[in-house]
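Below: my_file_6.cif (mmCIF, C-alpha atoms and all ligand atoms)
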data_final
#
loop_
_atom_site.label_atom_id
_atom_site.label_comp_id
_atom_site.auth_asym_id
_atom_site.auth_seq_id
_atom_site.Cartn_x
_atom_site.Cartn_y
_atom_site.Cartn_z
CA MET M 24 0.00 0.00 0.00
CA ASN M 25 1.22 3.51 -0.84
CA GLU M 26 2.23 5.87 1.97
CA LYS M 27 -0.18 8.63 2.87
CA PRO M 28 0.70 11.63 0.68
CA GLU M 29 1.54 14.86 2.51
CA LYS M 30 -0.76 16.88 0.32
CA PHE M 31 -3.48 15.73 -2.09
CA ILE M 32 -3.91 19.06 -3.86
CA ASP M 33 -0.99 21.19 -5.04
CA GLU M 34 -0.67 24.98 -5.15
CA ASN M 35 -2.17 25.03 -8.67
CA GLY M 36 -5.30 23.29 -7.43
CA LEU M 37 -4.41 20.01 -9.16
CA ARG M 38 -4.60 16.54 -7.63
CA LEU M 39 -1.75 14.01 -7.47
CA ASP M 40 -2.84 12.40 -10.77
CA GLY M 41 -3.02 15.83 -12.44
CA ARG M 42 -6.83 16.15 -12.40
CA LYS M 43 -8.80 19.21 -11.38
CA ILE M 44 -10.92 18.81 -8.25
CA ASP M 45 -14.15 18.39 -10.28
CA GLN M 46 -12.73 16.19 -13.04
CA ILE M 47 -13.66 12.53 -13.54
CA ARG M 48 -11.11 9.92 -14.63
CA ASP M 49 -10.87 8.83 -18.27
CA ILE M 50 -13.49 6.30 -19.32
CA LYS M 51 -13.17 3.67 -22.04
CA ILE M 52 -16.22 1.62 -23.03
CA GLU M 53 -16.63 -1.49 -25.19
CA ILE M 54 -20.13 -2.89 -25.58
CA GLY M 55 -21.20 -6.40 -26.61
CA ILE M 56 -17.88 -8.17 -26.32
CA LEU M 57 -19.06 -11.46 -24.74
CA ASN M 58 -20.75 -13.83 -27.18
CA ARG M 59 -22.45 -16.03 -24.60
CA ALA M 60 -24.09 -13.22 -22.61
CA ASP M 61 -27.30 -11.50 -23.76
CA GLY M 62 -25.60 -8.18 -23.09
CA SER M 63 -22.11 -7.21 -22.00
CA CYS M 64 -19.78 -4.30 -21.46
CA TYR M 65 -16.09 -3.87 -20.68
CA LEU M 66 -15.38 -0.56 -19.00
CA GLU M 67 -12.22 1.17 -17.81
CA PHE M 68 -12.65 4.02 -15.34
CA GLY M 69 -9.17 5.38 -14.66
CA ASN M 70 -7.26 2.27 -13.52
CA ASN M 71 -10.41 0.27 -12.78
CA LYS M 72 -11.10 -2.52 -15.26
CA ILE M 73 -14.59 -4.01 -15.12
CA MET M 74 -16.50 -6.66 -17.04
CA ALA M 75 -20.30 -6.74 -16.89
CA ALA M 76 -22.50 -9.50 -18.31
CA VAL M 77 -26.30 -9.63 -18.38
CA TYR M 78 -28.47 -12.70 -18.89
CA GLY M 79 -32.23 -12.66 -19.21
CA PRO M 80 -35.08 -12.32 -18.88
CA ARG M 81 -34.78 -16.05 -18.21
CA GLU M 82 -36.23 -18.82 -16.06
CA VAL M 83 -35.71 -18.45 -12.31
CA HIS M 84 -33.65 -21.09 -10.51
CA PRO M 85 -34.31 -21.86 -7.69
CA ARG M 86 -38.00 -21.59 -8.54
CA HIS M 87 -39.15 -20.41 -5.10
CA GLN M 88 -37.42 -17.06 -5.83
CA GLN M 89 -39.72 -16.25 -8.75
CA LYS M 90 -42.31 -13.46 -8.40
CA ALA M 91 -45.77 -13.87 -9.95
CA THR M 92 -46.08 -10.27 -11.10
CA LYS M 93 -42.56 -9.20 -12.07
CA ALA M 94 -39.02 -10.24 -12.93
CA ILE M 95 -36.48 -10.47 -10.14
CA VAL M 96 -33.18 -8.63 -10.62
CA ARG M 97 -30.02 -10.32 -9.33
CA TYR M 98 -26.67 -8.54 -9.14
CA LYS M 99 -23.42 -10.33 -8.38
CA TYR M 100 -20.36 -8.17 -7.78
CA ASN M 101 -17.12 -10.13 -7.62
CA MET M 102 -13.53 -8.98 -7.24
CA ALA M 103 -10.95 -11.18 -8.94
CA SER M 104 -8.17 -12.35 -6.61
CA PHE M 105 -5.65 -10.53 -8.77
CA SER M 106 -7.59 -7.25 -8.94
CA VAL M 107 -6.04 -5.66 -5.84
CA GLU M 108 -2.51 -5.24 -4.45
CA ASP M 109 -2.84 -7.90 -1.75
CA ARG M 110 -4.41 -11.06 -3.13
CA LYS M 111 -8.13 -11.06 -2.41
CA ARG M 112 -9.56 -14.29 -1.04
CA PRO M 113 -11.81 -15.74 -3.79
CA GLY M 114 -15.57 -15.89 -3.27
CA PRO M 115 -18.17 -13.62 -1.68
CA ASP M 116 -17.40 -11.62 1.45
CA ARG M 117 -19.36 -9.07 3.48
CA ARG M 118 -18.21 -6.21 1.29
CA SER M 119 -19.15 -7.83 -2.03
CA ILE M 120 -22.57 -8.88 -0.64
CA GLU M 121 -23.19 -5.27 0.42
CA VAL M 122 -22.02 -3.83 -2.91
CA SER M 123 -24.22 -6.34 -4.79
CA LYS M 124 -27.27 -5.40 -2.71
CA VAL M 125 -27.01 -1.62 -3.06
CA SER M 126 -26.17 -1.89 -6.77
CA ARG M 127 -29.17 -4.15 -7.44
CA GLU M 128 -31.37 -1.60 -5.69
CA ALA M 129 -29.90 1.12 -7.89
CA PHE M 130 -31.33 -0.68 -10.94
CA GLU M 131 -34.51 -2.36 -9.72
CA LYS M 132 -36.81 0.65 -10.08
CA GLU M 133 -35.34 1.64 -13.43
CA ILE M 134 -36.05 -1.70 -15.15
CA PHE M 135 -39.60 -2.49 -16.37
CA THR M 136 -39.62 -5.71 -14.34
CA GLU M 137 -43.44 -5.98 -14.54
CA LEU M 138 -43.10 -6.89 -18.23
CA TYR M 139 -41.44 -10.21 -17.38
CA PRO M 140 -43.30 -11.96 -14.53
CA LYS M 141 -41.78 -15.18 -13.17
CA SER M 142 -38.42 -14.49 -14.78
CA ALA M 143 -34.95 -13.35 -13.72
CA ILE M 144 -32.58 -10.69 -14.99
CA ASP M 145 -29.05 -11.56 -13.90
CA ILE M 146 -26.23 -9.03 -13.80
CA PHE M 147 -22.69 -10.33 -13.22
CA ILE M 148 -19.80 -8.01 -12.43
CA GLU M 149 -16.17 -9.04 -12.45
CA ILE M 150 -13.64 -6.53 -11.15
CA LEU M 151 -10.45 -7.34 -13.05
CA GLN M 152 -8.44 -4.40 -11.69
CA ALA M 153 -9.45 -2.17 -8.79
CA ASP M 154 -8.39 1.38 -8.05
CA ALA M 155 -11.23 2.80 -5.90
CA GLY M 156 -14.70 3.52 -7.19
CA THR M 157 -15.24 -0.03 -8.42
CA ARG M 158 -18.93 -0.07 -7.42
CA THR M 159 -19.60 3.13 -9.37
CA ALA M 160 -17.63 1.91 -12.41
CA ALA M 161 -19.45 -1.42 -12.23
CA ILE M 162 -22.86 0.30 -12.19
CA ASN M 163 -21.90 2.28 -15.31
CA ALA M 164 -20.86 -0.96 -17.03
CA ALA M 165 -23.96 -2.87 -15.87
CA SER M 166 -26.22 -0.15 -17.21
CA LEU M 167 -24.71 -0.53 -20.68
CA ALA M 168 -24.77 -4.33 -20.53
CA LEU M 169 -28.51 -4.16 -19.67
CA ALA M 170 -29.11 -1.87 -22.64
CA ASP M 171 -27.07 -4.23 -24.84
CA ALA M 172 -29.25 -7.14 -23.66
CA GLY M 173 -32.32 -5.17 -24.76
CA ILE M 174 -33.81 -5.02 -21.26
CA PRO M 175 -36.47 -2.26 -21.27
CA MET M 176 -35.46 0.51 -18.86
CA ARG M 177 -36.72 3.97 -18.04
CA GLY M 178 -33.20 5.27 -18.78
CA LEU M 179 -29.55 4.57 -18.08
CA ILE M 180 -28.01 4.63 -14.61
CA SER M 181 -24.79 6.60 -14.24
CA SER M 182 -22.61 6.60 -11.17
CA CYS M 183 -19.60 8.30 -9.59
CA ALA M 184 -18.32 9.30 -6.16
CA VAL M 185 -17.49 12.57 -4.50
CA GLY M 186 -15.15 12.82 -1.52
CA LYS M 187 -13.07 15.10 0.64
CA VAL M 188 -9.29 15.45 0.93
CA ASP M 189 -7.30 18.35 2.47
CA ASP M 190 -10.71 19.79 3.53
CA THR M 191 -11.65 20.14 -0.16
CA LEU M 192 -14.41 18.34 -2.05
CA ILE M 193 -13.15 16.30 -5.00
CA LEU M 194 -14.94 14.33 -7.69
CA ASP M 195 -14.28 10.64 -8.44
CA LEU M 196 -11.66 9.53 -5.91
CA ASN M 197 -8.67 7.39 -6.87
CA LYS M 198 -7.15 4.77 -4.54
CA ASP M 199 -4.99 7.09 -2.37
CA GLU M 200 -7.76 9.67 -2.11
CA ASP M 201 -10.19 6.91 -1.09
CA ASN M 202 -7.83 5.26 1.42
CA TYR M 203 -6.53 8.40 3.13
CA GLY M 204 -9.28 10.95 2.42
CA GLN M 205 -11.76 12.39 4.90
CA ALA M 206 -14.94 11.23 3.12
CA ASP M 207 -16.19 9.12 0.22
CA MET M 208 -19.76 9.38 -1.08
CA PRO M 209 -20.69 7.21 -4.09
CA ILE M 210 -23.97 8.02 -5.82
CA ALA M 211 -25.91 6.62 -8.79
CA MET M 212 -28.40 8.63 -10.78
CA SER M 213 -31.03 7.88 -13.40
CA THR M 214 -31.25 9.76 -16.69
CA ASP M 215 -34.05 11.93 -15.30
CA GLY M 216 -32.00 12.88 -12.22
CA LYS M 217 -33.37 10.49 -9.57
CA ILE M 218 -30.76 9.32 -7.03
CA THR M 219 -30.88 5.51 -6.95
CA LEU M 220 -27.84 4.93 -4.72
CA LEU M 221 -26.25 7.09 -2.04
CA GLN M 222 -23.71 5.87 0.49
CA MET M 223 -21.22 7.71 2.64
CA ASP M 224 -18.00 6.90 4.48
CA GLY M 225 -16.44 9.60 6.68
CA HIS M 226 -17.82 13.01 7.55
CA LEU M 227 -19.23 15.93 5.57
CA THR M 228 -20.96 19.04 6.90
CA GLN M 229 -24.47 19.78 5.60
CA GLU M 230 -23.07 22.43 3.25
CA GLU M 231 -20.41 20.05 1.98
CA PHE M 232 -23.02 17.35 1.50
CA LYS M 233 -25.18 19.64 -0.66
CA LYS M 234 -22.23 20.89 -2.71
CA GLY M 235 -20.80 17.36 -2.99
CA LEU M 236 -24.11 16.00 -4.22
CA GLU M 237 -24.23 18.66 -6.94
CA MET M 238 -20.67 17.79 -7.99
CA ALA M 239 -21.48 14.08 -8.15
CA GLN M 240 -24.66 14.76 -10.12
CA GLN M 241 -22.66 16.79 -12.62
CA GLY M 242 -20.16 13.89 -12.84
CA CYS M 243 -23.05 11.47 -13.53
CA ARG M 244 -24.37 13.72 -16.29
CA GLU M 245 -20.93 13.66 -17.96
CA ILE M 246 -20.78 9.88 -17.64
CA TYR M 247 -24.30 9.58 -19.07
CA GLU M 248 -23.20 11.45 -22.20
CA LEU M 249 -20.28 9.03 -22.64
CA GLN M 250 -22.57 6.01 -22.10
CA ARG M 251 -25.08 7.34 -24.61
CA LYS M 252 -22.40 7.98 -27.21
CA ALA M 253 -20.92 4.50 -26.68
CA LEU M 254 -24.34 2.90 -27.24
CA ILE M 255 -25.04 4.94 -30.37
CA ASP M 256 -21.58 4.10 -31.79
CA HIS M 257 -22.06 0.42 -30.96
CA TYR M 258 -25.45 0.18 -32.69
CA ASN M 259 -24.29 2.18 -35.70
CA ASN M 260 -21.39 -0.26 -36.14
CA THR M 261 -23.58 -3.33 -35.53
CA GLN M 262 -26.09 -2.10 -38.10
CA LYS M 263 -23.30 -1.59 -40.63
CA GLU M 264 -21.99 -5.12 -39.96
CA ILE M 265 -25.48 -6.60 -40.42
CA ILE M 266 -25.91 -4.78 -43.73
CA GLN M 267 -22.47 -5.88 -44.94
CA ASP M 268 -23.07 -9.55 -44.02
CA ALA M 269 -26.65 -9.78 -45.23
CA PRO M 270 -27.63 -11.16 -48.66
CA VAL M 271 -28.63 -8.44 -51.14
CA GLU M 272 -32.39 -9.16 -50.79
CA SER M 273 -32.43 -8.62 -47.01
CA VAL M 274 -30.39 -5.43 -47.28
CA LYS M 275 -33.18 -4.10 -49.45
CA ASP M 276 -35.70 -5.22 -46.80
CA ILE M 277 -33.85 -3.37 -44.00
CA SER M 278 -33.54 -0.19 -46.02
CA THR M 279 -37.25 -0.13 -46.86
CA GLU M 280 -38.41 -0.89 -43.30
CA SER M 281 -38.43 2.78 -42.38
CA ALA M 282 -40.59 3.81 -45.34
CA THR M 283 -43.80 5.65 -44.50
CA GLU M 284 -46.74 6.66 -46.70
CA GLU M 285 -45.63 10.28 -46.71
CA ASP M 286 -42.01 9.41 -47.28
CA PRO M 287 -41.89 6.17 -49.26
CA ILE M 288 -38.55 4.72 -50.23
CA GLU M 289 -38.69 4.12 -53.95
CA ASP M 290 -37.55 0.82 -55.43
CA PRO M 291 -34.19 1.16 -57.11
CA VAL M 292 -34.55 1.57 -60.88
CA ILE M 293 -32.97 -1.42 -62.61
CA SER M 294 -31.96 -0.48 -66.10
CA ASP M 295 -31.41 -2.86 -69.02
CA ASP M 296 -28.74 -0.53 -70.38
CA VAL M 297 -25.86 -2.17 -68.57
CA PRO M 298 -22.61 -0.92 -70.09
CA ASP M 299 -20.66 -3.72 -71.77
CA ASN M 300 -17.39 -4.16 -69.88
CA GLY M 301 -16.33 -7.18 -71.96
CA ASN M 302 -17.47 -9.70 -69.32
CA THR M 303 -21.06 -9.84 -70.50
CA VAL M 304 -22.35 -13.37 -71.18
CA ASN M 305 -25.41 -13.83 -73.36
CA ASP M 306 -28.27 -16.24 -72.51
CA ASP M 307 -27.37 -18.75 -75.26
CA GLU M 308 -23.85 -19.21 -73.85
CA ILE M 309 -25.29 -19.89 -70.39
CA LYS M 310 -27.69 -22.51 -71.77
CA GLU M 311 -24.82 -24.33 -73.50
CA ASP M 312 -22.89 -24.58 -70.23
CA ILE M 313 -25.74 -26.26 -68.33
CA PRO M 314 -25.35 -30.10 -68.63
CA ASP M 315 -28.40 -31.99 -69.80
CA GLU M 316 -29.41 -33.75 -66.57
CA LYS M 317 -31.63 -36.23 -68.40
CA GLU M 318 -28.53 -37.86 -69.89
CA GLU M 319 -27.04 -38.54 -66.46
CA VAL M 320 -30.02 -39.94 -64.59
CA ILE M 321 -31.78 -43.18 -65.42
CA LEU M 322 -35.41 -43.51 -64.44
CA ASP M 323 -36.00 -46.30 -61.98
CA GLU M 324 -37.98 -49.11 -63.49
CA ASP M 325 -40.02 -49.62 -60.35
CA GLU M 326 -43.52 -49.20 -61.74
CA ASP M 327 -45.13 -48.82 -58.30
CA ASN M 328 -43.05 -45.76 -57.60
CA PRO M 329 -42.24 -44.05 -60.90
CA ALA M 330 -41.26 -40.82 -59.17
CA ILE M 331 -38.05 -42.31 -57.75
CA VAL M 332 -35.07 -41.68 -59.94
CA SER M 333 -31.71 -43.37 -59.70
CA ASP M 334 -28.40 -41.79 -60.63
CA GLU M 335 -26.72 -45.18 -60.97
CA THR M 336 -25.05 -45.66 -64.30
CA GLU M 337 -24.31 -49.03 -65.87
CA ASP M 338 -20.60 -48.61 -65.01
CA ASP M 339 -21.32 -48.04 -61.31
CA THR M 340 -23.63 -51.04 -60.95
CA LEU M 341 -21.98 -53.99 -59.28
CA GLU M 342 -23.18 -57.25 -60.68
O1 LIG C 401 -14.21 0.20 -4.95
P1 LIG C 401 -15.15 1.04 -4.14
O2 LIG C 401 -14.61 2.44 -3.91
O3 LIG C 401 -16.54 1.02 -4.66
O4 LIG C 401 -15.26 0.32 -2.72
P2 LIG C 401 -14.39 0.50 -1.40
O5 LIG C 401 -14.86 -0.53 -0.43
O6 LIG C 401 -14.41 1.93 -0.97
O7 LIG C 401 -12.92 0.10 -1.83
C1 LIG C 401 -12.00 1.04 -2.26
C2 LIG C 401 -10.84 0.35 -2.90
O8 LIG C 401 -10.11 -0.41 -1.94
C3 LIG C 401 -11.18 -0.66 -3.97
O9 LIG C 401 -11.52 -0.07 -5.19
C4 LIG C 401 -9.91 -1.43 -4.05
O10 LIG C 401 -8.96 -0.75 -4.85
C5 LIG C 401 -9.44 -1.47 -2.61
N1 LIG C 401 -9.76 -2.77 -1.98
C6 LIG C 401 -8.70 -3.66 -1.76
O11 LIG C 401 -7.57 -3.33 -2.06
N2 LIG C 401 -8.96 -4.91 -1.25
C7 LIG C 401 -10.23 -5.28 -0.92
N3 LIG C 401 -10.47 -6.48 -0.41
C8 LIG C 401 -11.30 -4.38 -1.15
C9 LIG C 401 -11.02 -3.13 -1.67
#

Would you mind giving the structure from this file in structure tokens?
Amino acid sequence: MNEKPEKFIDENGLRLDGRKIDQIRDIKIEIGILNRADGSCYLEFGNNKIMAAVYGPREVHPRHQQKATKAIVRYKYNMASFSVEDRKRPGPDRRSIEVSKVSREAFEKEIFTELYPKSAIDIFIEILQADAGTRTAAINAASLALADAGIPMRGLISSCAVGKVDDTLILDLNKDEDNYGQADMPIAMSTDGKITLLQMDGHLTQEEFKKGLEMAQQGCREIYELQRKALIDHYNNTQKEIIQDAPVESVKDISTESATEEDPIEDPVISDDVPDNGNTVNDDEIKEDIPDEKEEVILDEDEDNPAIVSDETEDDTLE
């Protein structure tokens, strides 16, 4: 573990990693990278590396957990043993059970669970590398994996933390700021501004709490814009791939799907005036190339079943 730094903010108002006090860490997003999951997202948030996978809506096992009127949401947060400096003991612990619970609650009200009674929506989080703020980074990744799985939601959930070091509020704490700071307050927020998660370690005055909440909400709005852009880019690329892979007929189908009565998409005009590039083959040449099948097949002499034909030739028949 690093030593406690003497100062977290220098005379220019910059933090130890060069960020301003209200600046979030860099975010990298890749959507839909797991083939077996219904939806997935790999997300880097500073030095945090997170994988999120979503399955469902699907059958509930064990069955006694199922709800007659809505889908249940399950959230499993797991830290890989190699994700932290000291090896983490594999398997669930008190911390991961707590993080799973509060993160599930951050999503439950945002998902239209009533559309899928008696089913389950499973969210799996693997922390591959941790550097403080893993629960917030994981929520950002889970939100995109849910969207990738096509789970109907009221909006995306975005999440980041605000904290206090050197008696100053800072946005999105890194490991040293989290370990040695005076406070850490992770929040999650829906697209329409509802707070769906709020926790706090340490102490803040009422004024600091209000100001900190505003800073974290601003951070969530920035993250939301990045999530939205990542989704749009992903679906633009997927659509292009589908069009490239599809046979010509279905490409035409996709392109005419959006036609309306007021704005019909006209059929492409197919002209007979194809310029002769020297490769043109006329119909008679094609006919000559087609072998006369009748010469190769011999009709079976079975009178009861005249439809059956045999492609045995005299040479092939073993006497
Ligand atoms: O990660 P988050 O800030 O959501 O949760 P935390 O409980 O405040 O943990 C802060 C950081 O402590 C984690 O991100 C890890 O980098 C580190 N940690 C660790 O080194 N070993 C653990 N068993 C748990 C956390």

Could you tell me, counting all atoms listed in the file, which protein and nucleic acid residues lie no more than 9 Å from ligand LIG 401 (chain C), written as a ChimeraX atom specification?
/M:24,71,102,104,106-112,116,118-119,122,152-161,184,196-199,201-202,207,209,224

Residues near M:Phe147, anyone? I mean within 7 Å using all atoms listed in the file, not counting same-chain ones fewer than 2 positions away, as a list in words.
Ala75, Ala76, Val77, Tyr98, Lys99, Tyr100, Asp145 and Glu149 of chain M

C-alpha atoms of the current selection, written as an mmCIF file, in the coordinates of the input:
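Final file, selection-v4.cif:
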data_model
loop_
_atom_site.group_PDB
_atom_site.id
_atom_site.type_symbol
_atom_site.label_atom_id
_atom_site.label_comp_id
_atom_site.auth_asym_id
_atom_site.auth_seq_id
_atom_site.Cartn_x
_atom_site.Cartn_y
_atom_site.Cartn_z
ATOM 1 C CA ALA M 75 -20.300 -6.740 -16.890
ATOM 2 C CA ALA M 76 -22.500 -9.500 -18.310
ATOM 3 C CA VAL M 77 -26.300 -9.630 -18.380
ATOM 4 C CA TYR M 98 -26.670 -8.540 -9.140
ATOM 5 C CA LYS M 99 -23.420 -10.330 -8.380
ATOM 6 C CA TYR M 100 -20.360 -8.170 -7.780
ATOM 7 C CA ASP M 145 -29.050 -11.560 -13.900
ATOM 8 C CA GLU M 149 -16.170 -9.040 -12.450
#

Just want the 12 Å neighbourhood of stretch 242-249 of chain M, counted on all atoms listed in the file, with same-chain residues fewer than 6 positions away dropped. Output as number ranges by chain.
M: 44-53, 66, 68, 159-160, 162-164, 166-167, 178-185, 193-196, 209-220, 235-236, 255-256

For M:Met208, the nearest of the candidates M:Pro270, M:Gly114, M:Gly186, M:Pro80, counting all atoms listed in the file:
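The closest residue to M:Met208 is M:Gly186.
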
Interatomic distance, atom CA of M:Ser142 to atom CA of M:Glu128 (Å, one decimal):
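Computing it gives 17.3 Å between the two atoms.
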
When you get a chance, write out N, CA and C atoms for stretch 70-87 of chain M, as a PDB file, keeping the file's coordinate frame.
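For reference, result_32.pdb as written:
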ATOM      1  N   ASN M  70      -7.940   3.573 -13.563  1.00  0.00           N
ATOM      2  CA  ASN M  70      -7.260   2.270 -13.520  1.00  0.00           C
ATOM      3  C   ASN M  70      -8.178   1.107 -13.171  1.00  0.00           C
ATOM      4  N   ASN M  71      -9.466   1.372 -13.009  1.00  0.00           N
ATOM      5  CA  ASN M  71     -10.410   0.270 -12.780  1.00  0.00           C
ATOM      6  C   ASN M  71     -10.698  -0.426 -14.103  1.00  0.00           C
ATOM      7  N   LYS M  72     -10.730  -1.753 -14.069  1.00  0.00           N
ATOM      8  CA  LYS M  72     -11.100  -2.520 -15.260  1.00  0.00           C
ATOM      9  C   LYS M  72     -12.231  -3.472 -14.878  1.00  0.00           C
ATOM     10  N   ILE M  73     -13.367  -3.322 -15.552  1.00  0.00           N
ATOM     11  CA  ILE M  73     -14.590  -4.010 -15.120  1.00  0.00           C
ATOM     12  C   ILE M  73     -15.220  -4.748 -16.303  1.00  0.00           C
ATOM     13  N   MET M  74     -15.722  -5.942 -16.035  1.00  0.00           N
ATOM     14  CA  MET M  74     -16.500  -6.660 -17.040  1.00  0.00           C
ATOM     15  C   MET M  74     -17.912  -6.865 -16.495  1.00  0.00           C
ATOM     16  N   ALA M  75     -18.903  -6.522 -17.301  1.00  0.00           N
ATOM     17  CA  ALA M  75     -20.300  -6.740 -16.890  1.00  0.00           C
ATOM     18  C   ALA M  75     -20.982  -7.633 -17.909  1.00  0.00           C
ATOM     19  N   ALA M  76     -21.744  -8.620 -17.420  1.00  0.00           N
ATOM     20  CA  ALA M  76     -22.500  -9.500 -18.310  1.00  0.00           C
ATOM     21  C   ALA M  76     -23.931  -9.598 -17.813  1.00  0.00           C
ATOM     22  N   VAL M  77     -24.881  -9.548 -18.748  1.00  0.00           N
ATOM     23  CA  VAL M  77     -26.300  -9.630 -18.380  1.00  0.00           C
ATOM     24  C   VAL M  77     -26.935 -10.815 -19.097  1.00  0.00           C
ATOM     25  N   TYR M  78     -27.722 -11.586 -18.328  1.00  0.00           N
ATOM     26  CA  TYR M  78     -28.470 -12.700 -18.890  1.00  0.00           C
ATOM     27  C   TYR M  78     -29.948 -12.500 -18.560  1.00  0.00           C
ATOM     28  N   GLY M  79     -30.812 -12.711 -19.522  1.00  0.00           N
ATOM     29  CA  GLY M  79     -32.230 -12.660 -19.210  1.00  0.00           C
ATOM     30  C   GLY M  79     -32.971 -11.707 -20.119  1.00  0.00           C
ATOM     31  N   PRO M  80     -34.301 -11.610 -19.883  1.00  0.00           N
ATOM     32  CA  PRO M  80     -35.080 -12.320 -18.880  1.00  0.00           C
ATOM     33  C   PRO M  80     -35.037 -13.829 -19.142  1.00  0.00           C
ATOM     34  N   ARG M  81     -34.857 -14.601 -18.062  1.00  0.00           N
ATOM     35  CA  ARG M  81     -34.780 -16.050 -18.210  1.00  0.00           C
ATOM     36  C   ARG M  81     -35.433 -16.732 -17.012  1.00  0.00           C
ATOM     37  N   GLU M  82     -35.562 -18.060 -17.117  1.00  0.00           N
ATOM     38  CA  GLU M  82     -36.230 -18.820 -16.060  1.00  0.00           C
ATOM     39  C   GLU M  82     -35.533 -18.628 -14.710  1.00  0.00           C
ATOM     40  N   VAL M  83     -36.307 -18.652 -13.631  1.00  0.00           N
ATOM     41  CA  VAL M  83     -35.710 -18.450 -12.310  1.00  0.00           C
ATOM     42  C   VAL M  83     -35.333 -19.796 -11.689  1.00  0.00           C
ATOM     43  N   HIS M  84     -34.100 -19.928 -11.302  1.00  0.00           N
ATOM     44  CA  HIS M  84     -33.650 -21.090 -10.510  1.00  0.00           C
ATOM     45  C   HIS M  84     -32.924 -20.543  -9.297  1.00  0.00           C
ATOM     46  N   PRO M  85     -33.242 -20.940  -8.094  1.00  0.00           N
ATOM     47  CA  PRO M  85     -34.310 -21.860  -7.690  1.00  0.00           C
ATOM     48  C   PRO M  85     -35.686 -21.221  -7.849  1.00  0.00           C
ATOM     49  N   ARG M  86     -36.668 -22.069  -8.171  1.00  0.00           N
ATOM     50  CA  ARG M  86     -38.000 -21.590  -8.540  1.00  0.00           C
ATOM     51  C   ARG M  86     -38.700 -20.784  -7.453  1.00  0.00           C
ATOM     52  N   HIS M  87     -38.418 -21.119  -6.176  1.00  0.00           N
ATOM     53  CA  HIS M  87     -39.150 -20.410  -5.100  1.00  0.00           C
ATOM     54  C   HIS M  87     -38.814 -18.917  -5.075  1.00  0.00           C
TER      55      HIS M  87
END
